[in-house]
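Visitor: Hey, dropping protein_4.txt in here, compact mmCIF, C-alpha atoms:
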```txt
# COMPACT_ATOMS: atom_id res chain seq x y z
CA MET M 1 129.06 113.25 49.41
CA LYS M 2 130.00 116.92 49.52
CA GLU M 3 131.95 118.07 46.49
CA LYS M 4 135.28 119.76 47.10
CA PHE M 5 136.73 122.52 44.94
CA GLU M 6 140.29 123.75 44.80
CA ASN M 7 139.40 127.42 45.22
CA LYS M 8 136.65 129.98 44.73
CA PHE M 9 137.28 130.15 40.96
CA ASP M 10 136.87 126.40 40.63
CA LYS M 11 133.64 126.46 42.62
CA MET M 12 132.06 129.35 40.66
CA ALA M 13 133.06 127.82 37.31
CA ASN M 14 132.29 124.16 37.91
CA ALA M 15 129.89 123.58 40.83
CA PRO M 16 126.41 122.29 39.82
CA ILE M 17 124.55 125.44 38.83
CA LYS M 18 121.38 124.89 40.89
CA LYS M 19 123.28 124.01 44.05
CA LEU M 20 125.64 126.95 43.52
CA ILE M 21 122.83 129.47 43.11
CA VAL M 22 120.96 128.09 46.13
CA SER M 23 124.13 128.13 48.26
CA LEU M 24 124.67 131.81 47.37
CA ALA M 25 120.97 132.66 47.56
CA VAL M 26 120.28 131.30 51.07
CA PRO M 27 122.51 133.88 52.82
CA THR M 28 121.17 136.70 50.61
CA ILE M 29 117.56 135.62 51.23
CA LEU M 30 118.18 135.60 54.98
CA THR M 31 119.89 138.97 54.67
CA MET M 32 116.99 140.47 52.71
CA LEU M 33 114.40 138.98 55.06
CA VAL M 34 116.11 140.25 58.19
CA SER M 35 116.58 143.65 56.53
CA ALA M 36 112.88 143.67 55.68
CA VAL M 37 111.98 142.71 59.23
CA TYR M 38 114.18 145.42 60.68
CA ASN M 39 112.57 147.98 58.35
CA MET M 40 109.23 146.72 59.62
CA ALA M 41 110.42 146.84 63.24
CA ASP M 42 110.44 150.65 63.24
CA SER M 43 106.84 150.65 61.97
CA TYR M 44 105.84 148.04 64.56
CA PHE M 45 107.28 149.80 67.60
CA VAL M 46 106.48 153.34 66.42
CA GLY M 47 102.94 152.08 65.76
CA LYS M 48 102.55 151.79 69.52
CA ILE M 49 102.88 155.59 69.76
CA ASP M 50 100.28 156.98 67.32
CA THR M 51 99.22 157.04 63.66
CA ALA M 52 101.03 160.31 62.91
CA SER M 53 104.32 158.77 64.06
CA VAL M 54 103.86 155.80 61.71
CA ALA M 55 103.11 158.25 58.90
CA SER M 56 106.28 160.24 59.67
CA ILE M 57 108.63 157.28 59.31
CA GLY M 58 106.76 156.31 56.14
CA ILE M 59 107.61 159.75 54.78
CA VAL M 60 111.32 159.39 55.68
CA PHE M 61 111.39 155.91 54.10
CA SER M 62 112.05 157.76 50.83
CA ILE M 63 115.48 158.74 52.12
CA MET M 64 116.24 155.16 53.09
CA THR M 65 115.51 154.11 49.50
CA LEU M 66 117.74 156.94 48.26
CA LEU M 67 120.62 155.71 50.42
CA GLN M 68 120.01 152.21 49.13
CA ALA M 69 120.02 153.57 45.57
CA ILE M 70 123.45 155.16 46.00
CA GLY M 71 124.85 152.13 47.84
CA PHE M 72 123.59 149.63 45.28
CA PHE M 73 124.72 151.89 42.43
CA LEU M 74 128.32 151.84 43.66
CA GLY M 75 128.13 148.29 45.06
CA ASN M 76 126.61 146.62 42.00
CA GLY M 77 128.48 148.91 39.60
CA SER M 78 131.81 147.78 41.04
CA GLY M 79 130.65 144.27 42.04
CA ILE M 80 129.79 143.21 38.49
CA MET M 81 133.30 144.13 37.36
CA ILE M 82 134.87 142.50 40.43
CA SER M 83 133.10 139.23 39.66
CA THR M 84 133.91 139.43 35.94
CA LEU M 85 137.59 140.23 36.61
CA LEU M 86 137.89 137.42 39.14
CA GLY M 87 136.48 135.15 36.43
CA LYS M 88 139.42 136.32 34.31
CA LYS M 89 141.82 135.85 37.27
CA ASP M 90 142.64 139.60 37.42
CA LYS M 91 142.38 140.31 41.17
CA LYS M 92 144.60 143.42 41.03
CA THR M 93 142.22 145.36 38.78
CA ALA M 94 139.27 144.04 40.77
CA SER M 95 140.79 145.58 43.93
CA HIS M 96 140.94 148.98 42.20
CA TYR M 97 137.21 148.83 41.53
CA ALA M 98 136.45 147.67 45.08
CA SER M 99 138.38 150.38 46.94
CA THR M 100 137.42 153.19 44.56
CA ALA M 101 133.69 152.47 44.92
CA PHE M 102 133.88 151.95 48.69
CA TYR M 103 135.69 155.19 49.54
CA THR M 104 133.49 157.12 47.11
CA SER M 105 130.47 155.92 49.11
CA ILE M 106 132.02 157.14 52.36
CA ILE M 107 132.55 160.62 50.89
CA CYS M 108 128.94 160.70 49.63
CA GLY M 109 127.79 159.66 53.10
CA ILE M 110 129.68 162.51 54.76
CA ILE M 111 128.02 165.03 52.41
CA LEU M 112 124.57 163.62 53.23
CA ALA M 113 125.32 163.68 56.96
CA LEU M 114 126.13 167.39 56.75
CA SER M 115 122.88 168.05 54.89
CA GLY M 116 120.99 166.28 57.69
CA ILE M 117 122.55 168.50 60.34
CA PHE M 118 121.58 171.75 58.63
CA PHE M 119 118.54 171.03 56.44
CA SER M 120 116.52 168.18 57.99
CA LYS M 121 113.29 170.20 58.30
CA GLN M 122 113.44 171.53 54.74
CA LEU M 123 114.17 168.04 53.41
CA ALA M 124 111.25 166.55 55.38
CA LEU M 125 108.87 169.03 53.73
CA LEU M 126 110.22 168.10 50.31
CA LEU M 127 109.53 164.44 51.12
CA GLY M 128 105.86 165.18 51.77
CA ALA M 129 105.70 165.89 55.53
CA THR M 130 102.48 167.55 56.72
CA ASP M 131 101.79 169.91 59.63
CA THR M 132 101.05 166.93 61.88
CA THR M 133 104.18 164.98 60.92
CA ILE M 134 106.89 167.61 60.28
CA ASN M 135 108.48 167.58 63.75
CA SER M 136 108.77 163.79 64.12
CA ALA M 137 109.71 163.32 60.44
CA SER M 138 112.50 165.92 60.52
CA GLY M 139 113.93 164.51 63.77
CA TYR M 140 113.93 160.95 62.42
CA LEU M 141 115.48 162.15 59.15
CA LYS M 142 118.29 164.04 60.88
CA TYR M 143 119.59 160.99 62.73
CA ILE M 144 119.25 158.71 59.69
CA LEU M 145 121.33 161.08 57.57
CA LEU M 146 123.98 161.31 60.29
CA GLY M 147 124.50 157.59 59.84
CA SER M 148 124.81 157.89 56.04
CA PRO M 149 128.57 157.09 55.78
CA PHE M 150 128.05 153.77 57.57
CA ILE M 151 124.79 152.95 55.77
CA LEU M 152 126.28 153.61 52.32
CA GLY M 153 129.51 151.80 53.18
CA SER M 154 127.52 148.78 54.33
CA PHE M 155 125.50 148.61 51.11
CA VAL M 156 128.67 148.75 49.00
CA LEU M 157 130.52 146.11 51.04
CA ASN M 158 127.45 143.89 51.11
CA ASN M 159 127.23 143.83 47.31
CA GLN M 160 130.96 143.51 46.73
CA LEU M 161 131.25 140.54 49.06
CA ARG M 162 128.24 138.93 47.42
CA TYR M 163 129.77 139.32 43.94
CA GLN M 164 132.95 137.65 45.20
CA GLY M 165 130.91 134.59 46.13
CA SER M 166 131.20 135.42 49.85
CA ALA M 167 127.51 135.89 50.59
CA ILE M 168 127.98 134.35 54.05
CA TYR M 169 130.10 137.30 55.21
CA SER M 170 127.68 139.72 53.59
CA MET M 171 124.88 138.01 55.51
CA ALA M 172 126.77 138.20 58.81
CA GLY M 173 127.18 141.98 58.58
CA ILE M 174 123.67 142.85 57.45
CA MET M 175 121.87 140.36 59.70
CA SER M 176 123.79 141.30 62.84
CA GLY M 177 123.02 144.97 62.29
CA SER M 178 119.35 144.22 61.66
CA ILE M 179 118.97 142.03 64.74
CA ILE M 180 120.66 144.66 66.92
CA ASN M 181 118.31 147.30 65.52
CA ILE M 182 115.26 145.23 66.45
CA ALA M 183 116.62 144.81 69.98
CA LEU M 184 117.48 148.50 70.40
CA ASP M 185 114.17 149.90 69.08
CA PRO M 186 112.06 149.34 72.22
CA LEU M 187 114.97 150.44 74.43
CA PHE M 188 115.35 153.85 72.79
CA ILE M 189 111.68 154.41 71.88
CA PHE M 190 110.08 153.44 75.20
CA THR M 191 112.68 152.93 77.95
CA PHE M 192 114.57 156.13 77.10
CA ASP M 193 111.28 157.77 76.02
CA MET M 194 112.79 159.15 72.80
CA GLY M 195 109.86 158.24 70.54
CA VAL M 196 110.48 158.42 66.79
CA ASN M 197 113.97 159.85 67.30
CA GLY M 198 114.83 156.77 69.36
CA ALA M 199 113.92 154.53 66.42
CA ALA M 200 116.32 156.47 64.19
CA ILE M 201 119.16 156.34 66.75
CA ALA M 202 118.68 152.57 67.11
CA THR M 203 118.92 152.23 63.33
CA VAL M 204 122.15 154.24 63.11
CA ILE M 205 123.86 152.35 65.97
CA SER M 206 122.95 149.01 64.40
CA GLN M 207 124.22 150.16 60.99
CA ILE M 208 127.59 151.14 62.49
CA ILE M 209 127.97 147.70 64.08
CA GLY M 210 126.96 145.96 60.85
CA PHE M 211 129.44 148.10 58.92
CA LEU M 212 132.31 147.04 61.18
CA ILE M 213 131.39 143.35 60.79
CA LEU M 214 131.34 143.73 57.00
CA ILE M 215 134.80 145.33 57.13
CA MET M 216 135.99 142.27 59.06
CA GLY M 217 134.49 140.08 56.33
CA THR M 218 136.80 141.63 53.72
CA PHE M 219 139.78 140.19 55.64
CA LYS M 220 138.45 136.63 55.41
CA ASN M 221 139.55 133.99 52.89
CA GLU M 222 140.37 135.37 49.43
CA ASN M 223 138.16 138.47 49.71
CA ILE M 224 139.38 141.85 48.48
CA ARG M 225 140.37 144.23 51.28
CA MET M 226 139.52 147.92 51.30
CA ASN M 227 142.82 149.80 51.00
CA PRO M 228 143.10 153.55 50.20
CA LYS M 229 146.24 152.71 48.23
CA ASN M 230 144.08 150.77 45.76
CA ILE M 231 141.93 153.79 44.93
CA LYS M 232 142.30 154.63 41.26
CA LEU M 233 140.64 157.87 40.23
CA SER M 234 140.49 156.97 36.57
CA LYS M 235 137.82 157.97 34.09
CA GLU M 236 137.56 154.38 32.86
CA ILE M 237 136.82 152.94 36.30
CA TYR M 238 134.17 155.53 37.16
CA LEU M 239 132.48 155.28 33.76
CA THR M 240 132.37 151.48 34.07
CA ILE M 241 130.91 151.68 37.59
CA ILE M 242 128.33 154.21 36.36
CA LYS M 243 127.42 152.05 33.35
CA ASN M 244 127.07 148.86 35.38
CA GLY M 245 125.43 150.51 38.38
CA LEU M 246 123.00 152.73 36.49
CA PRO M 247 120.19 150.11 36.48
CA SER M 248 120.47 149.80 40.28
CA LEU M 249 120.54 153.58 40.72
CA SER M 250 117.55 153.89 38.40
CA ARG M 251 115.61 151.14 40.14
CA GLN M 252 116.22 152.35 43.68
CA GLY M 253 116.37 156.06 42.84
CA VAL M 254 113.04 156.04 41.07
CA GLN M 255 111.62 154.21 44.09
CA THR M 256 112.55 157.28 46.12
CA ALA M 257 110.65 159.50 43.68
CA ALA M 258 107.74 157.03 43.71
CA ASN M 259 107.56 157.06 47.54
CA ILE M 260 107.59 160.85 47.59
CA SER M 261 104.82 160.92 44.97
CA LEU M 262 102.84 158.44 47.08
CA ASN M 263 103.24 160.62 50.18
CA PHE M 264 101.82 163.66 48.36
CA ALA M 265 98.99 161.56 46.81
CA CYS M 266 98.01 160.23 50.25
CA ALA M 267 98.27 163.56 52.12
CA PRO M 268 94.77 164.87 51.17
CA PHE M 269 93.22 161.70 52.63
CA GLY M 270 94.88 162.04 56.06
CA ASP M 271 97.54 160.39 58.21
CA ALA M 272 95.68 157.05 58.28
CA MET M 273 96.06 156.69 54.51
CA ILE M 274 99.76 157.60 54.66
CA ALA M 275 100.28 155.12 57.52
CA GLY M 276 98.27 152.38 55.79
CA MET M 277 100.23 152.66 52.55
CA SER M 278 103.51 152.88 54.48
CA ILE M 279 102.74 149.58 56.25
CA PHE M 280 101.55 148.05 52.96
CA ASN M 281 104.91 148.86 51.36
CA ARG M 282 106.82 147.18 54.18
CA VAL M 283 104.65 144.05 54.18
CA MET M 284 104.93 143.77 50.40
CA PHE M 285 108.70 144.15 50.59
CA LEU M 286 108.84 141.12 52.87
CA GLY M 287 107.67 138.98 49.94
CA LEU M 288 109.87 140.78 47.44
CA ALA M 289 112.86 140.29 49.73
CA VAL M 290 112.81 136.55 49.04
CA VAL M 291 112.65 137.07 45.27
CA ILE M 292 115.42 139.67 45.33
CA GLY M 293 117.51 137.41 47.58
CA VAL M 294 117.30 134.50 45.12
CA GLY M 295 118.12 136.88 42.25
CA GLN M 296 121.15 138.18 44.12
CA GLY M 297 122.35 134.60 44.48
CA PHE M 298 122.15 134.29 40.70
CA GLN M 299 123.92 137.57 39.84
CA PRO M 300 127.51 136.66 40.83
CA VAL M 301 127.11 133.30 39.09
CA CYS M 302 125.92 135.09 35.96
CA SER M 303 128.68 137.73 35.90
CA PHE M 304 131.45 135.27 36.79
CA ASN M 305 130.50 132.70 34.16
CA ASP M 306 129.90 135.38 31.55
CA GLY M 307 133.49 136.52 32.19
CA ALA M 308 134.67 132.90 31.96
CA LYS M 309 132.63 132.48 28.73
CA LYS M 310 130.59 129.61 30.18
CA TYR M 311 127.30 130.72 28.64
CA SER M 312 125.45 127.45 29.21
CA ARG M 313 125.83 128.00 32.97
CA VAL M 314 124.49 131.53 32.61
CA TYR M 315 121.42 130.37 30.68
CA ASP M 316 120.70 127.39 32.93
CA GLY M 317 121.10 129.61 35.98
CA TYR M 318 118.64 132.14 34.55
CA LYS M 319 115.98 129.50 33.85
CA PHE M 320 116.33 127.99 37.31
CA THR M 321 116.19 131.36 39.07
CA PHE M 322 113.16 132.55 37.08
CA LEU M 323 111.16 129.39 37.86
CA LEU M 324 112.15 129.32 41.53
CA THR M 325 111.31 132.99 42.16
CA THR M 326 107.96 132.65 40.38
CA CYS M 327 106.96 129.67 42.53
CA ILE M 328 107.97 131.41 45.75
CA ILE M 329 106.24 134.72 45.03
CA THR M 330 103.04 132.92 43.94
CA VAL M 331 102.78 131.07 47.25
CA LEU M 332 103.49 134.27 49.21
CA SER M 333 100.88 136.18 47.19
CA ILE M 334 98.18 133.65 48.11
CA ILE M 335 99.10 133.94 51.79
CA GLY M 336 99.15 137.74 51.59
CA PHE M 337 95.72 137.90 49.92
CA ILE M 338 94.07 135.66 52.52
CA PHE M 339 95.62 137.26 55.61
CA ALA M 340 95.94 140.89 54.45
CA PRO M 341 93.98 142.54 57.34
CA ASN M 342 95.86 140.44 59.92
CA LEU M 343 99.24 141.42 58.47
CA ILE M 344 98.44 145.15 58.48
CA SER M 345 96.92 145.10 61.99
CA VAL M 346 100.21 143.77 63.43
CA PHE M 347 101.69 147.24 62.96
CA ARG M 348 98.81 149.55 63.84
CA ASP M 349 95.48 148.69 65.50
CA ASP M 350 93.53 151.42 63.74
CA SER M 351 90.52 150.46 61.60
CA ASP M 352 91.19 153.16 59.00
CA VAL M 353 94.86 152.18 58.67
CA ILE M 354 93.97 148.47 58.41
CA ALA M 355 91.28 149.11 55.80
CA ALA M 356 93.62 151.12 53.56
CA GLY M 357 96.62 148.82 53.89
CA ALA M 358 94.70 145.53 53.52
CA LYS M 359 92.81 146.63 50.43
CA ALA M 360 96.04 147.79 48.75
CA LEU M 361 97.80 144.53 49.67
CA ARG M 362 95.03 142.38 48.17
CA TYR M 363 95.09 144.30 44.91
CA GLN M 364 98.87 143.86 44.78
CA CYS M 365 98.80 140.12 45.53
CA ILE M 366 96.77 139.50 42.36
CA ILE M 367 99.64 140.64 40.11
CA MET M 368 102.69 139.85 42.28
CA PRO M 369 103.53 136.44 40.68
CA VAL M 370 104.88 138.24 37.58
CA LEU M 371 107.59 139.89 39.68
CA GLY M 372 109.68 136.69 39.71
CA TYR M 373 110.12 136.92 35.95
CA CYS M 374 110.59 140.70 35.92
CA THR M 375 113.16 140.76 38.73
CA THR M 376 115.24 137.84 37.44
CA THR M 377 115.28 139.17 33.88
CA ASN M 378 116.31 142.63 35.00
CA MET M 379 119.18 141.15 37.04
CA LEU M 380 120.24 139.09 34.00
CA MET M 381 120.43 142.22 31.82
CA GLN M 382 122.48 144.06 34.43
CA SER M 383 124.85 141.16 35.08
CA LEU M 384 125.44 140.71 31.33
CA LYS M 385 126.42 144.40 31.20
CA LEU M 386 123.53 145.52 28.99
CA PRO M 387 122.98 148.88 30.73
CA LEU M 388 120.40 150.38 28.36
CA LYS M 389 117.92 147.52 28.57
CA ALA M 390 118.62 146.97 32.27
CA THR M 391 118.09 150.65 33.04
CA VAL M 392 114.83 150.89 31.10
CA LEU M 393 113.51 147.79 32.86
CA ALA M 394 114.68 149.11 36.22
CA LEU M 395 112.86 152.40 35.58
CA SER M 396 109.67 150.83 34.24
CA ARG M 397 107.94 149.60 37.38
CA GLN M 398 108.32 152.54 39.76
CA GLY M 399 109.15 155.29 37.27
CA ILE M 400 107.83 155.00 33.73
CA PHE M 401 104.49 153.58 34.87
CA TYR M 402 104.01 154.12 38.61
CA ILE M 403 104.75 157.84 39.02
CA PRO M 404 102.44 159.07 36.19
CA LEU M 405 99.69 156.74 37.43
CA ILE M 406 99.95 157.80 41.10
CA LEU M 407 99.68 161.42 40.02
CA LEU M 408 96.70 160.71 37.78
CA LEU M 409 94.47 157.95 39.18
CA PRO M 410 93.70 159.44 42.65
CA ARG M 411 92.21 162.48 40.89
CA PHE M 412 89.52 160.29 39.38
CA MET M 413 89.27 157.31 41.73
CA SER M 414 90.14 158.82 45.12
CA GLU M 415 91.70 156.34 47.60
CA THR M 416 91.10 153.38 45.27
CA GLY M 417 93.23 155.11 42.65
CA ILE M 418 96.15 155.05 45.10
CA MET M 419 95.65 151.37 45.91
CA ILE M 420 95.49 150.07 42.31
CA THR M 421 98.42 152.09 40.96
CA MET M 422 101.14 149.57 41.82
CA PRO M 423 99.34 146.50 40.41
CA ILE M 424 98.70 148.30 37.12
CA ALA M 425 102.35 149.44 36.97
CA ASP M 426 103.52 145.86 37.58
CA ALA M 427 101.33 144.49 34.78
CA LEU M 428 102.67 147.07 32.31
CA SER M 429 106.24 146.42 33.49
CA PHE M 430 105.79 142.69 32.83
CA ILE M 431 104.74 143.38 29.23
CA LEU M 432 107.70 145.71 28.65
CA THR M 433 110.14 143.20 30.19
CA PHE M 434 108.93 140.48 27.84
CA ILE M 435 109.29 142.73 24.78
CA LEU M 436 112.80 144.00 25.63
CA SER M 437 114.30 140.73 26.86
CA THR M 438 113.20 138.23 24.21
CA SER M 439 116.04 138.86 21.74
CA THR M 440 118.73 138.83 24.45
CA ILE M 441 117.53 135.55 25.93
CA LYS M 442 117.42 133.97 22.46
CA LYS M 443 121.04 135.01 21.80
CA LEU M 444 122.08 133.70 25.22
CA LYS M 445 120.37 130.36 24.46
CA GLN M 446 122.26 130.11 21.15
CA LYS M 447 125.60 130.82 22.87
CA ALA M 448 124.75 128.21 25.50
CA LYS M 449 124.23 125.56 22.82
CA GLN M 450 127.65 126.36 21.34
CA ASN M 451 129.50 125.83 24.66
```
Rewrite the coordinates I just gave you, this time as structure tokens.
Guide:
Amino acid sequence: MKEKFENKFDKMANAPIKKLIVSLAVPTILTMLVSAVYNMADSYFVGKIDTASVASIGIVFSIMTLLQAIGFFLGNGSGIMISTLLGKKDKKTASHYASTAFYTSIICGIILALSGIFFSKQLALLLGATDTTINSASGYLKYILLGSPFILGSFVLNNQLRYQGSAIYSMAGIMSGSIINIALDPLFIFTFDMGVNGAAIATVISQIIGFLILIMGTFKNENIRMNPKNIKLSKEIYLTIIKNGLPSLSRQGVQTAANISLNFACAPFGDAMIAGMSIFNRVMFLGLAVVIGVGQGFQPVCSFNDGAKKYSRVYDGYKFTFLLTTCIITVLSIIGFIFAPNLISVFRDDSDVIAAGAKALRYQCIIMPVLGYCTTTNMLMQSLKLPLKATVLALSRQGIFYIPLILLLPRFMSETGIMITMPIADALSFILTFILSTSTIKKLKQKAKQN
């Protein structure tokens, strides 16, 4: 028999923890998977053009991760407080955080759109574009940046709705945009003969539609609506958003730097290497999307119950999420290792591209099972508002370890050095996560026993 709860507060505070996390995780998993597929769609359809085109969108992928970094910074930074304040039944203050973060993202998006209009070619070169990719990369980049206000706004709304326990509305906005993008890609790329630029235009149109659906989601049920009157330009609000969102900014922002470093490391080995590693990143993200989706189902439960001082629910939720994500990523790693060449060849039927991407994917699949523990623990630290530990852990994988290694290993090991960099970084990140999180988890366990 389905349990009934009086309101959202009652559900978040009293629903069985496993069922609650799964109910919130399913929409976020679907959202992450569809987002991953739509990111892969550009590679799939552009792969029908030529290898240089695939390489060009791989180069611009760094900007997509930058936009995600800003969006998650403001979305998670405000969302954690929104969830915590709702746990304390303080919706008025929560609305200040929601509107302030949302409209800040729109302003940031406008600034980025202007930079795309005037400096797309210069930015493409900074991202690692080569002589053979500069024209297609700069064109793709220009249109993506023009859509920045909608892309950033969508990321913020997506996270805020999720932290309010309304993952279903978050899913509706992100999934609809992603599905539309997949449908529009072949139309603009082939029917309208716009090539790489057509892929970017399809992405922007789909993001605008998804943004409008997310706005509609804020008017549903008890969700907080975006109202300019609720903007509060206070030092306290911005500092809190920065503190809570810094791990997300670090995690996603350093991924941008890591992707740029990868582009420059691959450049001496040709467009096939850039394309192969670009496809590898997208295939790998498909597996990570499930793990991140489950973790995002846990985050609002963690923040809400921490605010309500129900620490046993926080600890039980952490254990369940860690075990579930580890099981899922282990199964996906086995599948990825066995079918690596087949997965890469879906996007580009080029023997050099397949060889590079498949070899990198197999190396990565060996270490990927540890990412369930690392991802869940990092989300726990962030949701408990422990910004220093959360930020260090967020920086470790792609920043502290990956960037130095990608700059060093290819000098001594050529292409193999590029392919083994991420697995080594993940292994080192796992060790650091264990060291930094042990004391926090012990304290959380003690608090849980006292509940």
Visitor: Could you list, as a list in words, every residue within 10 Å of His96 of chain M, counting all atoms listed in the file and ignoring same-chain residues fewer than 5 positions away?
Guide: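 Neighbouring residues, sequence-local ones excluded: Ser78, Ile82, Lys91, Ala101, Ile224, Met226, Asn227, Pro228, Lys229, Asn230, Ile231, Lys232, Leu233, Ser234 and Ile237 of chain M.
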Visitor: For Ala52 of chain M, which residue among M:Thr132, M:Gln68, M:Gln299, M:Thr325 is the nearest when counting all atoms listed in the file?
Guide: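 Checking each candidate against Ala52 of chain M, we get M:Thr132 as the closest.
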Visitor: Which residues are close to Ala275 of chain M, i.e. within 9 Å by all atoms listed in the file, leaving aside same-chain residues fewer than 5 positions away? Reply as a PyMOL selection string.
Guide: chain M and resi 51-58+270+280+348+353+356-357
Visitor: Write a file of the selected residues as a PDB file, in the frame of the given file, keeping C-alpha atoms.
Guide:
```
ATOM      1  CA  THR M  51      99.220 157.040  63.660  1.00  0.00           C
ATOM      2  CA  ALA M  52     101.030 160.310  62.910  1.00  0.00           C
ATOM      3  CA  SER M  53     104.320 158.770  64.060  1.00  0.00           C
ATOM      4  CA  VAL M  54     103.860 155.800  61.710  1.00  0.00           C
ATOM      5  CA  ALA M  55     103.110 158.250  58.900  1.00  0.00           C
ATOM      6  CA  SER M  56     106.280 160.240  59.670  1.00  0.00           C
ATOM      7  CA  ILE M  57     108.630 157.280  59.310  1.00  0.00           C
ATOM      8  CA  GLY M  58     106.760 156.310  56.140  1.00  0.00           C
ATOM      9  CA  GLY M 270      94.880 162.040  56.060  1.00  0.00           C
ATOM     10  CA  PHE M 280     101.550 148.050  52.960  1.00  0.00           C
ATOM     11  CA  ARG M 348      98.810 149.550  63.840  1.00  0.00           C
ATOM     12  CA  VAL M 353      94.860 152.180  58.670  1.00  0.00           C
ATOM     13  CA  ALA M 356      93.620 151.120  53.560  1.00  0.00           C
ATOM     14  CA  GLY M 357      96.620 148.820  53.890  1.00  0.00           C
TER      15      GLY M 357
END
```
Visitor: Pick from M:Lys121, M:Lys447, M:Lys319, M:Lys235: nearest to Tyr97 of chain M, with only C-alpha atoms counted?
Guide: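 Nearest to Tyr97 of chain M: M:Lys235.
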Visitor: Could you work out how far atom CA of Val392 of chain M lies from atom CA of Met277 of chain M, giving the answer in Å with one decimal?
Guide: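 Atom-to-atom, atom CA of Met277 of chain M and atom CA of Val392 of chain M are spaced 26.0 Å apart.
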Visitor: Just give me the gap between atom CA of Thr421 of chain M and atom CA of Gln382 of chain M in Å, one decimal is fine.
Guide: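 Here the two named atoms are 26.2 Å from each other.
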Visitor: For each of M:Phe45, M:Tyr402, M:Tyr315, M:Tyr373, take the minimum atom-to-atom distance to Thr330 of chain M, counting only C-alpha atoms, then give the residue where this is smallest.
Guide: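 Nearest to Thr330 of chain M: M:Tyr373.
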Visitor: May I ask for the distance between atom CA of Tyr38 of chain M and atom CA of Leu288 of chain M, given in Å to one decimal place?
Guide: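 About the pair atom CA of Tyr38 of chain M and atom CA of Leu288 of chain M: they are 14.7 Å apart.
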Visitor: So which residues touch Ala69 of chain M within 10 Å, counting only C-alpha atoms, skipping near sequence neighbours fewer than 5 positions away, as a PyMOL selection string?
Guide: chain M and resi 63-64+74-75+152+155+245-256
Visitor: Ranking M:Lys243, M:Lys48, M:Lys309, M:Arg225 by minimum distance to Ala13 of chain M and counting all atoms listed in the file, which one comes first?
Guide: M:Lys309
Visitor: Fewer than 3 positions away in the same chain doesn't count, so skip those; otherwise give me all residues within 10 Å of Ala129 of chain M, counting only C-alpha atoms, as a count of residues only.
Guide: 23
Visitor: Under the rule that all atoms listed in the file are counted, which of M:Phe304, M:Phe211, M:Tyr44, M:Tyr169 is the nearest residue to Gly147 of chain M?
Guide: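 The shortest atom-to-atom distance to Gly147 of chain M comes from M:Phe211.
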Visitor: Could you pull out every residue with an atom within 7 Å of (91.2, 153.7, 48.9), file coordinates, counting all atoms listed in the file, and send them as a PyMOL selection string?
Guide: chain M and resi 356+414-419
Visitor: What's the 12 Å shell around Val370 of chain M, counting only C-alpha atoms, without same-chain residues fewer than 5 positions away, as a compact mmCIF listing (two decimals) with C-alpha atoms, keeping the file's coordinate frame?
Guide:
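Final output, around30.txt:
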```
# COMPACT_ATOMS: atom_id res chain seq x y z
CA LEU M 288 109.87 140.78 47.44
CA VAL M 291 112.65 137.07 45.27
CA PHE M 322 113.16 132.55 37.08
CA LEU M 323 111.16 129.39 37.86
CA THR M 325 111.31 132.99 42.16
CA THR M 326 107.96 132.65 40.38
CA CYS M 327 106.96 129.67 42.53
CA ILE M 328 107.97 131.41 45.75
CA ILE M 329 106.24 134.72 45.03
CA THR M 330 103.04 132.92 43.94
CA SER M 333 100.88 136.18 47.19
CA GLN M 364 98.87 143.86 44.78
CA CYS M 365 98.80 140.12 45.53
CA THR M 375 113.16 140.76 38.73
CA THR M 376 115.24 137.84 37.44
CA THR M 377 115.28 139.17 33.88
CA ARG M 397 107.94 149.60 37.38
CA PRO M 423 99.34 146.50 40.41
CA ILE M 424 98.70 148.30 37.12
CA ALA M 425 102.35 149.44 36.97
CA ASP M 426 103.52 145.86 37.58
CA ALA M 427 101.33 144.49 34.78
CA LEU M 428 102.67 147.07 32.31
CA SER M 429 106.24 146.42 33.49
CA PHE M 430 105.79 142.69 32.83
CA ILE M 431 104.74 143.38 29.23
CA LEU M 432 107.70 145.71 28.65
CA THR M 433 110.14 143.20 30.19
CA PHE M 434 108.93 140.48 27.84
```
Visitor: Every residue with an atom at most 9 Å from (115.8, 141.7, 40.4) (file coordinates; all atoms listed in the file) is what I'm after, so could you write them as a PDB file with C-alpha atoms, keeping the file's coordinate frame?
Guide:
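So point.pdb came out as:
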```
ATOM      1  CA  VAL M 291     112.650 137.070  45.270  1.00  0.00           C
ATOM      2  CA  ILE M 292     115.420 139.670  45.330  1.00  0.00           C
ATOM      3  CA  GLY M 293     117.510 137.410  47.580  1.00  0.00           C
ATOM      4  CA  VAL M 294     117.300 134.500  45.120  1.00  0.00           C
ATOM      5  CA  GLY M 295     118.120 136.880  42.250  1.00  0.00           C
ATOM      6  CA  GLN M 296     121.150 138.180  44.120  1.00  0.00           C
ATOM      7  CA  LEU M 371     107.590 139.890  39.680  1.00  0.00           C
ATOM      8  CA  GLY M 372     109.680 136.690  39.710  1.00  0.00           C
ATOM      9  CA  TYR M 373     110.120 136.920  35.950  1.00  0.00           C
ATOM     10  CA  CYS M 374     110.590 140.700  35.920  1.00  0.00           C
ATOM     11  CA  THR M 375     113.160 140.760  38.730  1.00  0.00           C
ATOM     12  CA  THR M 376     115.240 137.840  37.440  1.00  0.00           C
ATOM     13  CA  THR M 377     115.280 139.170  33.880  1.00  0.00           C
ATOM     14  CA  ASN M 378     116.310 142.630  35.000  1.00  0.00           C
ATOM     15  CA  MET M 379     119.180 141.150  37.040  1.00  0.00           C
ATOM     16  CA  LEU M 380     120.240 139.090  34.000  1.00  0.00           C
ATOM     17  CA  ALA M 394     114.680 149.110  36.220  1.00  0.00           C
TER      18      ALA M 394
END
```
